[in-house]
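See below for the structure under consideration.
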Amino acid sequence: MLLRPGVENREYFFMFDGIDKVLHLGIFAMLGFLFIAAFPRIRFSYFFQIILIYAFLTEILQEEMNLGRSMGKP
């Protein structure tokens, strides 16, 4: 879901410019919550580094897979 480009869809009342950013934030928040729930004794600095590496890897994979997404453009 993080690697495929989004499709602009305005047929619903709750769609707005930047909704993809809100959805990404929600996805990473849920990922972080589940990670902390699975590994409750992990230090916050390790947790932060792992989530940051995951975010960078998804950005790099978006560019490499040539699906229409990249770091610089939505």
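Chain lettering (A, B, ...) mirrors the order of the structure tokens, residue numbering begins at 1 for each chain separately, and ligand numbering begins at 1 in order of display.
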Excluding A:Phe48 and its own-chain neighbours fewer than 3 positions away, which residues fall within 12 Å of it when counting only C-alpha atoms? Please give them as a list in words.
Phe28, Ala29, Leu31, Gly32, Phe33, Phe35, Ile36, Ile42, Arg43, Phe44, Ser45, Ile51, Leu52, Ile53, Tyr54 and Ala55 of chain A
Selected residues, C-alpha atoms, written as a tab-separated table (two decimals), in the first residue's frame, please.
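Saved the output as out.tsv:
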```
chain	number	residue	atom	x	y	z
A	28	PHE	CA	2.97	4.84	10.50
A	29	ALA	CA	1.23	5.62	13.81
A	31	LEU	CA	2.79	0.55	12.74
A	32	GLY	CA	4.50	2.24	15.68
A	33	PHE	CA	1.72	1.24	18.08
A	35	PHE	CA	5.63	-2.44	17.13
A	36	ILE	CA	5.61	-1.11	20.69
A	42	ILE	CA	12.55	-1.87	23.39
A	43	ARG	CA	14.28	1.43	24.03
A	44	PHE	CA	12.67	4.43	22.35
A	45	SER	CA	15.85	5.31	20.48
A	51	ILE	CA	10.74	3.16	12.10
A	52	LEU	CA	12.93	5.77	10.41
A	53	ILE	CA	14.86	3.10	8.47
A	54	TYR	CA	11.56	1.52	7.41
A	55	ALA	CA	10.29	4.90	6.19
```
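If you look at atom CA of A:Lys21 and atom CA of A:Phe56, they are 15.4 Å away from each other.
Taking atom CA of A:Gln62 and atom CA of A:His24 as endpoints, the distance between them is 13.8 Å.
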